[in-house]
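Chemist: Sending over structure-v2.txt (compact mmCIF, C-alpha atoms (C1' of nucleotides)).
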# COMPACT_ATOMS: atom_id res chain seq x y z
CA MET A 1 24.19 -15.36 3.16
CA SER A 2 25.14 -11.67 3.05
CA THR A 3 23.05 -8.93 4.59
CA HIS A 4 22.58 -7.54 1.10
CA ASP A 5 20.99 -10.75 -0.16
CA ASP A 6 19.04 -11.19 3.06
CA LEU A 7 17.37 -7.84 2.52
CA ARG A 8 16.51 -8.70 -1.07
CA ASP A 9 14.87 -12.00 -0.03
CA ILE A 10 12.95 -10.44 2.84
CA ALA A 11 11.75 -7.62 0.61
CA LEU A 12 10.65 -9.99 -2.14
CA ASN A 13 8.64 -12.05 0.31
CA GLU A 14 6.96 -9.02 1.85
CA PHE A 15 6.31 -7.35 -1.50
CA ALA A 16 4.65 -10.53 -2.74
CA VAL A 17 2.43 -11.13 0.27
CA ALA A 18 1.62 -7.59 1.44
CA GLY A 19 2.13 -5.72 -1.81
CA TYR A 20 4.77 -3.16 -2.73
CA ALA A 21 2.70 -0.25 -1.42
CA GLY A 22 1.75 -2.21 1.67
CA THR A 23 5.34 -2.92 2.68
CA SER A 24 7.30 -0.22 4.54
CA LEU A 25 11.07 0.04 4.76
CA GLN A 26 10.59 0.00 8.52
CA ARG A 27 8.92 -3.41 8.30
CA ILE A 28 11.72 -4.81 6.14
CA ALA A 29 14.28 -3.41 8.57
CA GLU A 30 12.58 -5.08 11.53
CA LEU A 31 12.43 -8.45 9.79
CA ALA A 32 16.12 -8.16 8.99
CA GLY A 33 17.01 -7.02 12.50
CA LEU A 34 18.35 -3.71 11.25
CA SER A 35 17.41 -0.05 11.33
CA LYS A 36 15.65 1.61 8.43
CA SER A 37 18.80 3.63 7.78
CA SER A 38 20.78 0.44 7.29
CA VAL A 39 18.33 -0.82 4.71
CA LEU A 40 18.79 2.43 2.79
CA TYR A 41 22.53 1.99 3.07
CA HIS A 42 22.38 -1.31 1.18
CA TYR A 43 19.72 -0.17 -1.28
CA SER A 44 19.51 3.48 -2.22
CA SER A 45 15.70 3.48 -2.34
CA LYS A 46 12.59 1.32 -2.03
CA GLU A 47 12.46 1.13 -5.81
CA ALA A 48 16.03 -0.17 -5.92
CA LEU A 49 14.95 -2.92 -3.54
CA LEU A 50 12.09 -3.82 -5.85
CA GLU A 51 14.43 -3.87 -8.82
CA ALA A 52 16.78 -6.23 -6.99
CA ALA A 53 13.85 -8.43 -5.95
CA ILE A 54 12.17 -9.03 -9.30
CA GLY A 55 14.61 -7.71 -11.91
CA PRO A 56 16.68 -10.90 -12.25
CA ALA A 57 13.57 -13.04 -12.75
CA ILE A 58 12.40 -10.76 -15.55
CA ASP A 59 15.77 -11.05 -17.25
CA LYS A 60 15.70 -14.82 -16.92
CA MET A 61 12.25 -15.14 -18.48
CA ASP A 62 13.26 -12.77 -21.23
CA ALA A 63 16.26 -14.95 -21.97
CA ILE A 64 14.07 -18.05 -22.16
CA LEU A 65 11.71 -16.36 -24.59
CA ASP A 66 14.59 -15.19 -26.78
CA SER A 67 16.32 -18.57 -26.79
CA VAL A 68 13.18 -20.32 -28.01
CA GLY A 69 12.98 -17.75 -30.78
CA LYS A 70 10.01 -16.71 -32.78
CA ALA A 71 9.34 -20.12 -34.26
CA PRO A 72 5.77 -21.32 -33.76
CA LEU A 73 5.29 -23.82 -31.00
CA VAL A 74 4.94 -27.29 -32.46
CA ASP A 75 5.80 -30.78 -31.36
CA ASP A 76 8.88 -31.03 -29.21
CA THR A 77 9.55 -27.31 -29.23
CA ARG A 78 6.27 -26.76 -27.44
CA ARG A 79 6.88 -29.48 -24.88
CA VAL A 80 10.38 -28.23 -24.12
CA PHE A 81 9.20 -24.67 -23.74
CA ILE A 82 6.41 -25.63 -21.37
CA GLU A 83 8.87 -27.53 -19.20
CA GLN A 84 11.21 -24.55 -19.16
CA PHE A 85 8.25 -22.34 -18.35
CA VAL A 86 7.12 -24.52 -15.45
CA ASP A 87 10.66 -24.72 -14.09
CA PHE A 88 10.87 -20.96 -14.26
CA LEU A 89 7.60 -20.64 -12.35
CA LEU A 90 8.80 -23.04 -9.67
CA ALA A 91 12.09 -21.21 -9.23
CA ASN A 92 10.58 -17.73 -9.29
CA ARG A 93 7.09 -18.12 -7.91
CA LEU A 94 7.10 -15.02 -5.72
CA GLU A 95 8.53 -12.80 -8.45
CA VAL A 96 5.99 -13.97 -11.00
CA HIS A 97 3.13 -13.61 -8.55
CA MET A 98 4.31 -10.05 -7.92
CA PHE A 99 4.51 -8.69 -11.41
CA ILE A 100 1.46 -10.61 -12.54
CA ASN A 101 -0.79 -9.17 -9.86
CA GLN A 102 0.88 -5.85 -9.09
CA GLY A 103 2.06 -5.02 -12.58
CA PRO A 104 -0.95 -2.85 -13.31
CA GLY A 105 -1.32 -0.14 -10.68
CA LEU A 106 2.42 0.27 -10.17
CA GLU A 107 3.07 2.20 -13.34
CA ASP A 108 5.82 4.79 -13.59
CA VAL A 109 8.19 2.36 -11.89
CA PRO A 110 10.87 1.35 -14.45
CA VAL A 111 11.25 -2.27 -13.40
CA ILE A 112 7.47 -2.70 -13.45
CA ASP A 113 7.37 -1.45 -17.02
CA ARG A 114 9.80 -4.22 -17.90
CA ALA A 115 7.58 -6.72 -16.09
CA ASN A 116 4.47 -5.59 -17.92
CA ALA A 117 6.30 -5.72 -21.24
CA LEU A 118 7.31 -9.27 -20.41
CA VAL A 119 3.72 -10.36 -19.82
CA VAL A 120 2.70 -8.83 -23.13
CA LYS A 121 5.61 -10.58 -24.81
CA LEU A 122 4.49 -13.88 -23.31
CA GLY A 123 0.98 -13.31 -24.57
CA ASN A 124 2.12 -12.53 -28.09
CA PHE A 125 4.30 -15.61 -28.00
CA PHE A 126 1.32 -17.88 -27.52
CA SER A 127 -1.24 -16.01 -29.53
CA SER A 128 1.08 -16.18 -32.53
CA THR A 129 -0.24 -19.67 -33.15
CA VAL A 130 -3.79 -19.36 -31.85
CA SER A 131 -5.99 -16.41 -31.14
CA THR A 132 -9.55 -17.54 -30.49
CA VAL A 133 -11.30 -16.23 -27.40
CA GLU A 134 -11.00 -19.57 -25.66
CA ASP A 135 -7.29 -19.86 -26.38
CA LYS A 136 -6.61 -16.38 -25.05
CA LEU A 137 -8.44 -17.37 -21.89
CA ARG A 138 -6.52 -20.64 -21.70
CA PHE A 139 -3.21 -18.83 -21.75
CA GLY A 140 -4.28 -16.34 -19.13
CA ILE A 141 -5.60 -19.04 -16.84
CA ALA A 142 -2.42 -21.09 -17.18
CA LEU A 143 -0.24 -18.09 -16.36
CA GLY A 144 -2.34 -16.49 -13.63
CA GLY A 145 -3.44 -19.82 -12.21
CA ALA A 146 0.04 -21.23 -11.90
CA ALA A 147 1.30 -18.01 -10.37
CA TYR A 148 -1.53 -18.05 -7.84
CA VAL A 149 -1.32 -21.68 -6.85
CA LEU A 150 2.42 -21.44 -6.32
CA SER A 151 2.22 -18.21 -4.35
CA VAL A 152 -0.16 -19.60 -1.74
CA LYS A 153 1.64 -22.91 -1.74
CA GLN A 154 3.20 -22.26 1.62
CA ASP A 155 -0.10 -21.73 3.39
CA ASP A 156 -1.62 -25.03 2.35
CA SER A 157 -0.37 -28.50 2.98
CA LEU A 158 1.16 -28.22 -0.48
CA GLU A 159 4.37 -26.86 0.94
CA ILE A 160 5.70 -30.16 2.17
CA LEU A 161 4.94 -31.98 -1.07
CA PRO A 162 7.81 -33.32 -3.15
CA VAL A 163 8.85 -30.79 -5.77
CA ASP A 164 9.07 -33.39 -8.48
CA GLU A 165 5.44 -34.34 -8.06
CA VAL A 166 4.32 -30.71 -8.22
CA ARG A 167 6.47 -30.13 -11.29
CA ALA A 168 5.08 -33.16 -13.10
CA ALA A 169 1.50 -32.19 -12.29
CA LEU A 170 2.09 -28.61 -13.42
CA VAL A 171 3.58 -29.74 -16.72
CA THR A 172 0.54 -31.95 -17.29
CA ILE A 173 -1.98 -29.23 -16.48
CA VAL A 174 -0.24 -26.44 -18.37
CA SER A 175 0.27 -28.68 -21.40
CA GLU A 176 -3.43 -29.51 -21.30
CA LEU A 177 -4.36 -25.84 -21.10
CA LEU A 178 -2.02 -24.70 -23.84
CA ALA A 179 -2.49 -27.59 -26.22
CA PRO A 180 -3.41 -26.36 -29.71
CA VAL A 181 -6.86 -27.22 -30.96
CA SER A 182 -5.49 -29.80 -33.39
CA ILE A 183 -4.19 -31.85 -30.49
CA ARG A 184 -6.88 -31.20 -27.93
CA ASN A 185 -9.26 -33.89 -29.26
CA MET B 1 -26.51 6.11 -9.42
CA SER B 2 -26.16 7.55 -5.92
CA THR B 3 -22.96 9.09 -4.59
CA HIS B 4 -22.87 6.31 -2.01
CA ASP B 5 -22.80 3.60 -4.68
CA ASP B 6 -20.43 5.60 -6.84
CA LEU B 7 -17.89 5.65 -4.05
CA ARG B 8 -18.23 1.89 -3.50
CA ASP B 9 -17.62 1.17 -7.20
CA ILE B 10 -14.69 3.55 -7.47
CA ALA B 11 -13.14 2.11 -4.32
CA LEU B 12 -13.57 -1.48 -5.51
CA ASN B 13 -11.89 -0.68 -8.80
CA GLU B 14 -8.97 1.08 -7.15
CA PHE B 15 -8.55 -1.54 -4.44
CA ALA B 16 -8.45 -4.26 -7.10
CA VAL B 17 -5.92 -2.56 -9.37
CA ALA B 18 -3.69 -0.65 -6.94
CA GLY B 19 -4.27 -2.74 -3.81
CA TYR B 20 -6.00 -1.79 -0.58
CA ALA B 21 -2.83 -0.41 0.98
CA GLY B 22 -1.91 1.35 -2.25
CA THR B 23 -5.20 3.24 -2.49
CA SER B 24 -5.63 6.43 -0.46
CA LEU B 25 -8.91 8.01 0.54
CA GLN B 26 -7.64 11.14 -1.17
CA ARG B 27 -7.34 9.26 -4.46
CA ILE B 28 -10.86 7.87 -4.16
CA ALA B 29 -12.15 11.35 -3.37
CA GLU B 30 -10.49 12.80 -6.45
CA LEU B 31 -11.91 10.12 -8.73
CA ALA B 32 -15.36 10.80 -7.32
CA GLY B 33 -14.96 14.57 -7.59
CA LEU B 34 -15.35 15.01 -3.84
CA SER B 35 -13.22 15.93 -0.85
CA LYS B 36 -11.71 13.33 1.42
CA SER B 37 -14.04 14.52 4.18
CA SER B 38 -17.05 13.73 2.02
CA VAL B 39 -15.83 10.20 1.45
CA LEU B 40 -15.60 9.74 5.21
CA TYR B 41 -19.08 11.16 5.55
CA HIS B 42 -20.52 8.35 3.41
CA TYR B 43 -18.28 5.63 4.84
CA SER B 44 -17.04 5.91 8.39
CA SER B 45 -13.61 4.50 7.58
CA LYS B 46 -11.44 2.98 4.85
CA GLU B 47 -12.25 -0.45 6.22
CA ALA B 48 -15.98 0.27 5.94
CA LEU B 49 -15.39 1.09 2.28
CA LEU B 50 -13.62 -2.22 1.80
CA GLU B 51 -16.45 -4.05 3.52
CA ALA B 52 -18.99 -2.40 1.21
CA ALA B 53 -16.83 -3.19 -1.82
CA ILE B 54 -16.27 -6.92 -1.35
CA GLY B 55 -18.65 -7.96 1.45
CA PRO B 56 -21.71 -8.58 -0.75
CA ALA B 57 -19.73 -10.78 -3.14
CA ILE B 58 -18.51 -12.90 -0.24
CA ASP B 59 -22.07 -13.35 0.98
CA LYS B 60 -23.24 -14.32 -2.50
CA MET B 61 -20.56 -16.97 -2.93
CA ASP B 62 -21.30 -18.28 0.54
CA ALA B 63 -24.95 -18.62 -0.40
CA ILE B 64 -24.06 -20.54 -3.54
CA LEU B 65 -21.89 -22.95 -1.59
CA ASP B 66 -24.59 -23.51 0.99
CA SER B 67 -27.34 -24.03 -1.57
CA VAL B 68 -25.35 -26.74 -3.33
CA GLY B 69 -24.91 -28.40 0.05
CA LYS B 70 -22.29 -30.84 1.09
CA ALA B 71 -23.19 -33.47 -1.47
CA PRO B 72 -20.24 -34.65 -3.55
CA LEU B 73 -20.06 -33.19 -7.01
CA VAL B 74 -21.28 -35.73 -9.51
CA ASP B 75 -23.02 -35.61 -12.86
CA ASP B 76 -25.41 -32.73 -13.30
CA THR B 77 -24.77 -31.30 -9.84
CA ARG B 78 -21.19 -30.68 -10.82
CA ARG B 79 -22.08 -29.09 -14.14
CA VAL B 80 -24.67 -26.82 -12.56
CA PHE B 81 -22.27 -25.75 -9.84
CA ILE B 82 -19.52 -24.92 -12.31
CA GLU B 83 -21.92 -22.77 -14.32
CA GLN B 84 -23.00 -20.97 -11.16
CA PHE B 85 -19.38 -20.57 -10.24
CA VAL B 86 -18.43 -19.09 -13.62
CA ASP B 87 -21.41 -16.74 -13.55
CA PHE B 88 -20.35 -15.61 -10.12
CA LEU B 89 -16.82 -14.94 -11.36
CA LEU B 90 -18.12 -12.95 -14.32
CA ALA B 91 -20.39 -10.83 -12.13
CA ASN B 92 -17.83 -10.28 -9.38
CA ARG B 93 -14.46 -10.40 -11.10
CA LEU B 94 -12.90 -7.47 -9.26
CA GLU B 95 -14.06 -8.66 -5.85
CA VAL B 96 -12.74 -12.17 -6.42
CA HIS B 97 -9.45 -10.88 -7.76
CA MET B 98 -9.17 -8.76 -4.62
CA PHE B 99 -9.67 -11.32 -1.92
CA ILE B 100 -7.81 -13.98 -3.85
CA ASN B 101 -4.66 -11.94 -4.19
CA GLN B 102 -4.85 -9.62 -1.21
CA GLY B 103 -6.44 -12.02 1.25
CA PRO B 104 -3.11 -12.96 2.76
CA GLY B 105 -1.24 -9.90 3.98
CA LEU B 106 -4.39 -8.03 4.98
CA GLU B 107 -5.06 -9.97 8.14
CA ASP B 108 -6.73 -8.39 11.16
CA VAL B 109 -9.33 -6.87 8.86
CA PRO B 110 -12.70 -8.52 9.64
CA VAL B 111 -14.05 -8.66 6.10
CA ILE B 112 -10.75 -10.14 4.89
CA ASP B 113 -11.07 -12.91 7.43
CA ARG B 114 -14.43 -13.76 5.92
CA ALA B 115 -12.86 -13.74 2.46
CA ASN B 116 -10.05 -16.06 3.50
CA ALA B 117 -12.54 -18.39 5.17
CA LEU B 118 -14.49 -18.47 1.92
CA VAL B 119 -11.46 -19.53 -0.10
CA VAL B 120 -10.75 -22.32 2.38
CA LYS B 121 -14.40 -23.37 2.20
CA LEU B 122 -14.17 -23.50 -1.58
CA GLY B 123 -11.07 -25.61 -1.37
CA ASN B 124 -12.65 -28.09 1.04
CA PHE B 125 -15.66 -28.25 -1.21
CA PHE B 126 -13.63 -29.59 -4.10
CA SER B 127 -11.12 -31.64 -2.20
CA SER B 128 -13.97 -33.53 -0.57
CA THR B 129 -14.10 -35.69 -3.67
CA VAL B 130 -10.49 -35.67 -4.77
CA SER B 131 -7.29 -34.82 -3.01
CA THR B 132 -4.31 -35.83 -5.09
CA VAL B 133 -1.56 -33.30 -5.60
CA GLU B 134 -2.57 -32.74 -9.20
CA ASP B 135 -6.21 -32.20 -8.31
CA LYS B 136 -5.33 -29.66 -5.63
CA LEU B 137 -3.27 -27.81 -8.23
CA ARG B 138 -6.10 -28.04 -10.75
CA PHE B 139 -8.51 -26.38 -8.37
CA GLY B 140 -6.08 -23.62 -7.50
CA ILE B 141 -5.28 -22.93 -11.12
CA ALA B 142 -8.96 -22.79 -12.06
CA LEU B 143 -9.71 -20.35 -9.25
CA GLY B 144 -6.63 -18.16 -9.45
CA GLY B 145 -6.44 -18.36 -13.23
CA ALA B 146 -10.02 -17.34 -13.80
CA ALA B 147 -9.71 -14.51 -11.30
CA TYR B 148 -6.56 -13.28 -13.03
CA VAL B 149 -7.78 -13.51 -16.59
CA LEU B 150 -10.98 -11.67 -15.74
CA SER B 151 -9.24 -8.97 -13.76
CA VAL B 152 -6.93 -7.95 -16.58
CA LYS B 153 -9.72 -8.37 -19.09
CA GLN B 154 -10.13 -4.66 -19.54
CA ASP B 155 -6.53 -4.07 -20.58
CA ASP B 156 -6.52 -6.56 -23.41
CA SER B 157 -8.71 -6.70 -26.44
CA LEU B 158 -10.79 -9.14 -24.42
CA GLU B 159 -12.92 -6.34 -23.08
CA ILE B 160 -15.00 -5.88 -26.20
CA LEU B 161 -15.68 -9.58 -26.63
CA PRO B 162 -19.23 -10.87 -26.30
CA VAL B 163 -19.91 -11.99 -22.74
CA ASP B 164 -21.64 -15.15 -23.88
CA GLU B 165 -18.56 -16.33 -25.70
CA VAL B 166 -16.33 -15.67 -22.70
CA ARG B 167 -18.80 -17.46 -20.44
CA ALA B 168 -18.99 -20.51 -22.67
CA ALA B 169 -15.21 -20.72 -22.97
CA LEU B 170 -14.78 -20.36 -19.21
CA VAL B 171 -17.28 -23.13 -18.51
CA THR B 172 -15.42 -25.38 -20.91
CA ILE B 173 -12.00 -24.67 -19.43
CA VAL B 174 -13.06 -24.84 -15.78
CA SER B 175 -14.99 -28.04 -16.39
CA GLU B 176 -11.90 -29.49 -18.00
CA LEU B 177 -9.73 -28.46 -15.08
CA LEU B 178 -12.11 -29.71 -12.41
CA ALA B 179 -13.24 -32.89 -14.08
CA PRO B 180 -12.78 -35.90 -11.79
CA VAL B 181 -10.21 -38.45 -12.86
CA SER B 182 -12.90 -40.92 -13.82
CA ILE B 183 -14.16 -38.58 -16.51
CA ARG B 184 -10.88 -37.03 -17.59
CA ASN B 185 -9.96 -39.87 -19.96
C1' DA C 1 48.79 1.19 17.42
C1' DC C 2 46.87 3.56 13.79
C1' DA C 3 44.48 5.02 9.46
C1' DG C 4 40.93 3.70 6.25
C1' DT C 5 36.93 1.61 4.88
C1' DT C 6 32.59 -0.77 5.57
C1' DT C 7 28.56 -1.18 8.19
C1' DC C 8 25.25 0.70 10.92
C1' DT C 9 22.63 4.11 13.66
C1' DG C 10 19.46 8.02 15.65
C1' DA C 11 17.89 12.46 14.67
C1' DC C 12 15.61 14.80 11.53
C1' DC C 13 13.00 16.37 7.09
C1' DG C 14 8.77 17.29 4.18
C1' DA C 15 4.94 14.75 2.51
C1' DT C 16 1.14 11.91 3.01
C1' DC C 17 -1.59 8.74 5.58
C1' DG C 18 -6.48 7.78 7.97
C1' DG C 19 -9.49 10.20 10.73
C1' DT C 20 -12.00 14.23 13.60
C1' DC C 21 -14.57 18.32 13.93
C1' DA C 22 -16.96 22.71 13.45
C1' DG C 23 -19.35 24.83 10.27
C1' DC C 24 -21.11 26.07 5.49
C1' DT C 25 -24.64 25.19 1.89
C1' DA C 26 -28.67 23.38 -0.23
C1' DC C 27 -32.85 21.26 -0.21
C1' DC C 28 -37.15 19.70 2.25
C1' DG C 29 -41.70 19.63 4.65
C1' DT C 30 -44.70 22.57 6.92
C1' DA D 1 -40.72 32.07 5.59
C1' DC D 2 -38.38 29.06 8.39
C1' DG D 3 -36.35 25.02 11.13
C1' DG D 4 -34.28 20.66 10.19
C1' DT D 5 -31.55 17.64 8.05
C1' DA D 6 -28.44 15.67 4.43
C1' DG D 7 -24.40 16.61 1.90
C1' DC D 8 -20.18 18.55 1.77
C1' DT D 9 -15.96 21.20 3.00
C1' DG D 10 -11.28 23.08 4.88
C1' DA D 11 -8.52 23.14 8.84
C1' DC D 12 -6.37 20.34 11.70
C1' DC D 13 -4.51 16.04 14.36
C1' DG D 14 -0.99 12.33 15.45
C1' DA D 15 1.23 8.70 13.05
C1' DT D 16 3.83 6.91 9.49
C1' DC D 17 5.79 7.22 4.97
C1' DG D 18 10.46 7.35 2.02
C1' DG D 19 14.66 9.56 2.30
C1' DT D 20 19.02 12.53 4.07
C1' DC D 21 22.91 13.20 6.91
C1' DA D 22 26.52 13.39 10.37
C1' DG D 23 28.72 10.45 13.03
C1' DA D 24 29.36 6.11 16.08
C1' DA D 25 31.04 1.38 15.87
C1' DA D 26 33.41 -2.42 13.94
C1' DC D 27 36.47 -4.51 11.03
C1' DT D 28 40.55 -4.10 7.79
C1' DG D 29 45.56 -4.10 6.34
C1' DT D 30 49.96 -2.18 7.68
Can you dump the structure from the file as structure tokens?
Modeler:
Amino acid sequence: MSTHDDLRDIALNEFAVAGYAGTSLQRIAELAGLSKSSVLYHYSSKEALLEAAIGPAIDKMDAILDSVGKAPLVDDTRRVFIEQFVDFLLANRLEVHMFINQGPGLEDVPVIDRANALVVKLGNFFSSTVSTVEDKLRFGIALGGAAYVLSVKQDDSLEILPVDEVRAALVTIVSELLAPVSIRN
Amino acid sequence: MSTHDDLRDIALNEFAVAGYAGTSLQRIAELAGLSKSSVLYHYSSKEALLEAAIGPAIDKMDAILDSVGKAPLVDDTRRVFIEQFVDFLLANRLEVHMFINQGPGLEDVPVIDRANALVVKLGNFFSSTVSTVEDKLRFGIALGGAAYVLSVKQDDSLEILPVDEVRAALVTIVSELLAPVSIRN
DNA sequence: ACAGTTTCTGACCGATCGGTCAGCTACCGT
DNA sequence: ACGGTAGCTGACCGATCGGTCAGAAACTGT
């Protein structure tokens, strides 16, 4: 893998675990075995590094939302979307954990604005069909809960578990959480 | 309210939204209408401020866990514990959100070690009865999801909702997530 | 062998960080 | 009226922050 991509991966990992503000360019440089100057050669600023770290994931999720369209979630459409959603979470767990938990408090950063807009978009997507207090909470718990459980995955014994099993369990749980009232009983 | 308590509340709020590393003593001082020196008069260090902000909540949750004892969660015991748990989350949403999401990455800070130990203790508490992959995920989603949804509560329209309704919905959802397999069907 | 480009570096910059300290101000009991 | 203490402040400290810049080093095609 190229030095450029190495830096992006290292930065993403550090941003997710220590926070954007809590991660220094010096620290990233040390982890990459480079000098701070070299990091700034590959990325013109700390913000550019953040953009490279979480920007693509935001674009991907945006694409998923657009492809599903504005149609209400019923039957197969709902099941397919949830599977896409879970796959996205599995492939981009650190990114999601980042802009879920650091989105507020990092305002005035362009890429963070996109991230926050994405979360709002996700919320509107679900609340288009339901909007009771409980259903709002259900959506938030599914999103924040999945992001959390996948972000600490590496610390627990969960890391060595087969991905397929985790995916299946996640689909089950998220489906249960997001099931419309008409189906829930 | 006293200046001392004011500072603790302001710090907790800023730590939760901007992160511990992302919050400067200068910022806290400005929000309190004081100088940085005054902040350090009331609290001897930034770490002491963190301890005051989240320490009490950790002690409270510890007490709850101890009072329930090591008995497996069955029948009424389980229901009572979940209600206590939800009430704790509602009363300490910022604290929980903090040491859930900033626990890793803030090592070497004494009070954070206590927080991390608490999360592990919580995990063991639930996995004493069940330990399948799905059940581990269910616990994590309930904990991380509830912490997330309550921490962003203020941004959404959720803020003005009656507390009772939120509490009831949370109890329902958490119970559903943490229900043992024998009950789930 | 040489010129050109990419990669990388140390020295340096102003700003801000957490924290110390001497001293100012305001209120309190006597 | 006065000494003591609690609250608060600006000046200052060394360290670290993100970022700039001139140039060394390494690799390229010819």
Chemist: Using all atoms listed in the file, what does the table of chain D residues within 9 Å of chain A look like, with each row giving the shortest atom pair and its distance in Å to one decimal, sorted by chain and ascending number, as JSON lines?
Modeler:
{"residue": "D:DC17", "atom": "C1'", "partner": "A:Ser24", "partner_atom": "CA", "distance": 7.6}
{"residue": "D:DG18", "atom": "C1'", "partner": "A:Lys46", "partner_atom": "CA", "distance": 7.6}
{"residue": "D:DG19", "atom": "C1'", "partner": "A:Ser45", "partner_atom": "CA", "distance": 7.7}
Chemist: Which of these, A:Val39, A:Glu30, A:Asp9, A:Ile64, has the shortest distance to Ala52 of chain A once you count all atoms listed in the file?
Modeler: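 Among the listed residues, the smallest separation from Ala52 of chain A belongs to A:Asp9.
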Chemist: For chain B, report every residue with an atom at most 10 Å from chain A (counting all atoms listed in the file), formatted as a PDB file with C-alpha atoms, in the coordinates of the input.
Modeler:
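Generated output (result34.pdb):
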ATOM      1  CA  GLU B  14      -8.970   1.080  -7.150  1.00  0.00           C
ATOM      2  CA  PHE B  15      -8.550  -1.540  -4.440  1.00  0.00           C
ATOM      3  CA  ALA B  16      -8.450  -4.260  -7.100  1.00  0.00           C
ATOM      4  CA  VAL B  17      -5.920  -2.560  -9.370  1.00  0.00           C
ATOM      5  CA  ALA B  18      -3.690  -0.650  -6.940  1.00  0.00           C
ATOM      6  CA  GLY B  19      -4.270  -2.740  -3.810  1.00  0.00           C
ATOM      7  CA  TYR B  20      -6.000  -1.790  -0.580  1.00  0.00           C
ATOM      8  CA  ALA B  21      -2.830  -0.410   0.980  1.00  0.00           C
ATOM      9  CA  GLY B  22      -1.910   1.350  -2.250  1.00  0.00           C
ATOM     10  CA  THR B  23      -5.200   3.240  -2.490  1.00  0.00           C
ATOM     11  CA  HIS B  97      -9.450 -10.880  -7.760  1.00  0.00           C
ATOM     12  CA  MET B  98      -9.170  -8.760  -4.620  1.00  0.00           C
ATOM     13  CA  ILE B 100      -7.810 -13.980  -3.850  1.00  0.00           C
ATOM     14  CA  ASN B 101      -4.660 -11.940  -4.190  1.00  0.00           C
ATOM     15  CA  GLN B 102      -4.850  -9.620  -1.210  1.00  0.00           C
ATOM     16  CA  GLY B 103      -6.440 -12.020   1.250  1.00  0.00           C
ATOM     17  CA  PRO B 104      -3.110 -12.960   2.760  1.00  0.00           C
ATOM     18  CA  GLY B 105      -1.240  -9.900   3.980  1.00  0.00           C
ATOM     19  CA  LEU B 106      -4.390  -8.030   4.980  1.00  0.00           C
ATOM     20  CA  GLU B 107      -5.060  -9.970   8.140  1.00  0.00           C
ATOM     21  CA  VAL B 120     -10.750 -22.320   2.380  1.00  0.00           C
ATOM     22  CA  THR B 132      -4.310 -35.830  -5.090  1.00  0.00           C
ATOM     23  CA  VAL B 133      -1.560 -33.300  -5.600  1.00  0.00           C
ATOM     24  CA  GLU B 134      -2.570 -32.740  -9.200  1.00  0.00           C
ATOM     25  CA  ASP B 135      -6.210 -32.200  -8.310  1.00  0.00           C
ATOM     26  CA  LYS B 136      -5.330 -29.660  -5.630  1.00  0.00           C
ATOM     27  CA  LEU B 137      -3.270 -27.810  -8.230  1.00  0.00           C
ATOM     28  CA  ARG B 138      -6.100 -28.040 -10.750  1.00  0.00           C
ATOM     29  CA  PHE B 139      -8.510 -26.380  -8.370  1.00  0.00           C
ATOM     30  CA  GLY B 140      -6.080 -23.620  -7.500  1.00  0.00           C
ATOM     31  CA  ILE B 141      -5.280 -22.930 -11.120  1.00  0.00           C
ATOM     32  CA  ALA B 142      -8.960 -22.790 -12.060  1.00  0.00           C
ATOM     33  CA  LEU B 143      -9.710 -20.350  -9.250  1.00  0.00           C
ATOM     34  CA  GLY B 144      -6.630 -18.160  -9.450  1.00  0.00           C
ATOM     35  CA  GLY B 145      -6.440 -18.360 -13.230  1.00  0.00           C
ATOM     36  CA  ALA B 146     -10.020 -17.340 -13.800  1.00  0.00           C
ATOM     37  CA  ALA B 147      -9.710 -14.510 -11.300  1.00  0.00           C
ATOM     38  CA  TYR B 148      -6.560 -13.280 -13.030  1.00  0.00           C
ATOM     39  CA  VAL B 149      -7.780 -13.510 -16.590  1.00  0.00           C
ATOM     40  CA  LEU B 150     -10.980 -11.670 -15.740  1.00  0.00           C
ATOM     41  CA  SER B 151      -9.240  -8.970 -13.760  1.00  0.00           C
ATOM     42  CA  VAL B 152      -6.930  -7.950 -16.580  1.00  0.00           C
ATOM     43  CA  LYS B 153      -9.720  -8.370 -19.090  1.00  0.00           C
ATOM     44  CA  ASP B 155      -6.530  -4.070 -20.580  1.00  0.00           C
ATOM     45  CA  ASP B 156      -6.520  -6.560 -23.410  1.00  0.00           C
ATOM     46  CA  SER B 157      -8.710  -6.700 -26.440  1.00  0.00           C
ATOM     47  CA  LEU B 158     -10.790  -9.140 -24.420  1.00  0.00           C
ATOM     48  CA  LEU B 161     -15.680  -9.580 -26.630  1.00  0.00           C
ATOM     49  CA  PRO B 162     -19.230 -10.870 -26.300  1.00  0.00           C
ATOM     50  CA  GLU B 165     -18.560 -16.330 -25.700  1.00  0.00           C
ATOM     51  CA  VAL B 166     -16.330 -15.670 -22.700  1.00  0.00           C
ATOM     52  CA  ARG B 167     -18.800 -17.460 -20.440  1.00  0.00           C
ATOM     53  CA  ALA B 168     -18.990 -20.510 -22.670  1.00  0.00           C
ATOM     54  CA  ALA B 169     -15.210 -20.720 -22.970  1.00  0.00           C
ATOM     55  CA  LEU B 170     -14.780 -20.360 -19.210  1.00  0.00           C
ATOM     56  CA  THR B 172     -15.420 -25.380 -20.910  1.00  0.00           C
ATOM     57  CA  ILE B 173     -12.000 -24.670 -19.430  1.00  0.00           C
ATOM     58  CA  VAL B 174     -13.060 -24.840 -15.780  1.00  0.00           C
ATOM     59  CA  GLU B 176     -11.900 -29.490 -18.000  1.00  0.00           C
ATOM     60  CA  LEU B 177      -9.730 -28.460 -15.080  1.00  0.00           C
TER      61      LEU B 177
END
